[in-house]
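Undergrad: Handing you a structure now.
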Amino acid sequence: MKYLEKKNRAVIGSGKMAGAIIGALLRNKELNPEQITASDPYPEQRERVAKKYGVTVTGDNSETVKNADIVILSVKPQVLASVSSEIKGKIPANSLVFSIVAGMPIATIQKGLSHKAVVRTMPNTPAQISAGMTVWTASNEVSDSQRQEAKVILEAMGKELYVEHEDSLNMATAVSGTGPTYVFLLAEALVDAAVHLGFSRRDARLIVLETIKGSVEFAIQSDLHLAQLRNMVTSPGGTSAEAIYQLEKGGMRTILSKAVWAAYQKSQLLGKKAEDPPDSPLRVEN
Ligand SMILES: NC(=O)c1ccc[n+]([C@@H]2O[C@H](COP(=O)([O-])OP(=O)(O)OC[C@H]3O[C@@H](n4cnc5c(N)ncnc54)[C@H](OP(=O)(O)O)[C@@H]3O)[C@@H](O)[C@H]2O)c1
């Protein structure tokens, strides 16, 4: 029997990440479509979701959460306050709130919903093909069985890592949440470089993506340190050594480290913005 068989799921906000979660849970047969109710303000989006997944859809957020054992919050951070005021007091007392809202602190969600059992997660876009990496934490009021339920949802989306401290979610935002951006930028730059050498764009894309995929799978399956794997292709006086010399000269490691640090600080700042009133000097634009 699947762990979530008797659970009803409410999904607030039926966008990309919600679709990823619903799709993954149905694919893994953790839930049947009739156990899921998804809400969205736009009829066309509701129609798309109903047609694609066979789940119940509604435009009424409070109706969505009424009988839910687990409420998944999948809206953009800027609409969470208005969504919270709609569903506050309507979530059953023993339900779990499962948030994927980027940068939104657990305390803010608890306050907005008057609900204590909250799991906060930071997924990434490969979750759309069940290859995501999600870092998550939970409030003290989340029971052991609710933690297990959260884990089942997360495992349907890819790999998961539980962390004790909430600030690790800001760190994860900078590394894994934002991570696909770094990888796609690197891939894009390599494709452009390959085109510069004379490959067609189509061939360059194939060569670059398969090289990244193969290298990542090799690293995952290997016990060796990443530096040892790199040394394996760095012969003395060879092409890799020449390329690495230029990358180090250009400050690649420093630039990456600075980028990740900046993303971490931005994540902390956005979390503060969510906690602070609108006229706070900490408010920043996204
Ligand atoms: N995408 C990522 O890589 C990623 C990674 C980690 C975390 N997240 C977080 O995941 C959350 C969802 O992101 P996403 O990429 O899935 O965004 P998205 O595709 O824009 O999905 C959000 C959905 O919520 C709907 N919505 C807007 N107002 C609503 C309301 N009042 N009640 C119910 N639904 C409402 C939106 O409808 P309309 O579009 O029609 O307005 C949209 O369908 C965000 O908080 C984001 O920060 C995203």
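Numbering starts fresh at 1 for the residues of each chain in the structure tokens, the chains themselves are lettered A, B, ... in the order given, and ligands are numbered from 1 as they appear.
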For ligand 1, collect every residue having any atom at a distance of at most 8 Å from a ligand atom (counting only C-alpha atoms and all ligand atoms); output as a ChimeraX atom specification.

TA: /A:12-19,39-42,45,59-61,73-77,79-80,82-83,100-103,121-125,173,177-178

Undergrad: Please return as a VMD selection string: the residues of segment 76-177 of chain A that backbone DSSP assigns to helix (DSSP H, G or I).

TA: chain A and resid 77 to 87 106 to 113 125 to 129 144 to 157 167 to 177

Undergrad: One decimal, in Å: what's the spacing between atom CA of Ile153 of chain A and atom CA of Val216 of chain A?

TA: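 We find that atom CA of Ile153 of chain A and atom CA of Val216 of chain A lie 24.5 Å from each other.
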
Undergrad: Find the residues near Ala262 of chain A: any atom within 12 Å, counting only C-alpha atoms, skip ones fewer than 4 places away on the same chain, and give them as a PyMOL selection string.

TA: chain A and resi 170-171+173-175+178+255-258+266-269

Undergrad: Write out as a list in words the set of residues from segment 150-203 of chain A that DSSP, computed on the backbone, places in strand (DSSP E or B).

TA: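 Taking segment 150-203 of chain A and keeping strand (DSSP E or B) only, one gets Gly158, Lys159, Glu160, Leu161 and Tyr162 of chain A.
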
Undergrad: Could the residues in this selection be saved with N, CA and C atoms as a PDB file, in the first residue's frame?

TA:
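Done, and the output landed in result16.pdb:
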```pdb
ATOM      1  N   GLY A 158      12.452  13.817  -6.812  1.00  0.00           N
ATOM      2  CA  GLY A 158      13.894  13.603  -7.016  1.00  0.00           C
ATOM      3  C   GLY A 158      14.561  13.258  -5.701  1.00  0.00           C
ATOM      4  N   LYS A 159      15.728  13.841  -5.451  1.00  0.00           N
ATOM      5  CA  LYS A 159      16.440  13.601  -4.185  1.00  0.00           C
ATOM      6  C   LYS A 159      16.036  14.673  -3.173  1.00  0.00           C
ATOM      7  N   GLU A 160      16.152  14.309  -1.877  1.00  0.00           N
ATOM      8  CA  GLU A 160      15.810  15.277  -0.835  1.00  0.00           C
ATOM      9  C   GLU A 160      16.857  15.236   0.264  1.00  0.00           C
ATOM     10  N   LEU A 161      17.015  16.381   0.931  1.00  0.00           N
ATOM     11  CA  LEU A 161      17.939  16.460   2.068  1.00  0.00           C
ATOM     12  C   LEU A 161      17.264  17.264   3.168  1.00  0.00           C
ATOM     13  N   TYR A 162      17.101  16.624   4.339  1.00  0.00           N
ATOM     14  CA  TYR A 162      16.515  17.330   5.484  1.00  0.00           C
ATOM     15  C   TYR A 162      17.611  18.100   6.216  1.00  0.00           C
TER      16      TYR A 162
END
```

Undergrad: Which residue, A:Thr254, A:Ser130, A:Ser176, A:Ser215, has the smallest gap to Asn28 of chain A when you use only C-alpha atoms?

TA: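 Of all the options, A:Ser130 lies closest to Asn28 of chain A.
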
Undergrad: I'd like the neighbourhood of Asp69 of chain A as a ChimeraX atom specification, where a residue qualifies if any of its atoms comes within 10 Å (using only C-alpha atoms), though same-chain residues fewer than 5 positions away should be ignored.

TA: /A:4,6-10,91-97,146

Undergrad: Restricted to C-alpha atoms, what would the selected residues look like written as a PDB file, in the first residue's frame?

TA:
```pdb
ATOM      1  CA  LEU A   4      -0.298   8.530   0.980  1.00  0.00           C
ATOM      2  CA  LYS A   6      -5.646   7.776   2.454  1.00  0.00           C
ATOM      3  CA  LYS A   7      -4.494  11.377   2.137  1.00  0.00           C
ATOM      4  CA  ASN A   8      -6.216  14.277   0.436  1.00  0.00           C
ATOM      5  CA  ARG A   9      -3.989  16.852  -1.090  1.00  0.00           C
ATOM      6  CA  ALA A  10      -4.750  20.517  -1.753  1.00  0.00           C
ATOM      7  CA  ILE A  91      -7.160  24.408   7.120  1.00  0.00           C
ATOM      8  CA  PRO A  92      -8.025  21.385   9.310  1.00  0.00           C
ATOM      9  CA  ALA A  93      -6.091  21.578  12.607  1.00  0.00           C
ATOM     10  CA  ASN A  94      -4.173  18.308  12.121  1.00  0.00           C
ATOM     11  CA  SER A  95      -3.144  19.027   8.513  1.00  0.00           C
ATOM     12  CA  LEU A  96       0.358  19.640   7.248  1.00  0.00           C
ATOM     13  CA  VAL A  97       1.217  22.817   5.322  1.00  0.00           C
ATOM     14  CA  GLN A 146       3.863  14.164   8.682  1.00  0.00           C
TER      15      GLN A 146
END
```

Undergrad: In Å, rounded to a single decimal, give me how far atom CA of Ala150 of chain A is from atom CA of Ile72 of chain A.

TA: 10.1 Å
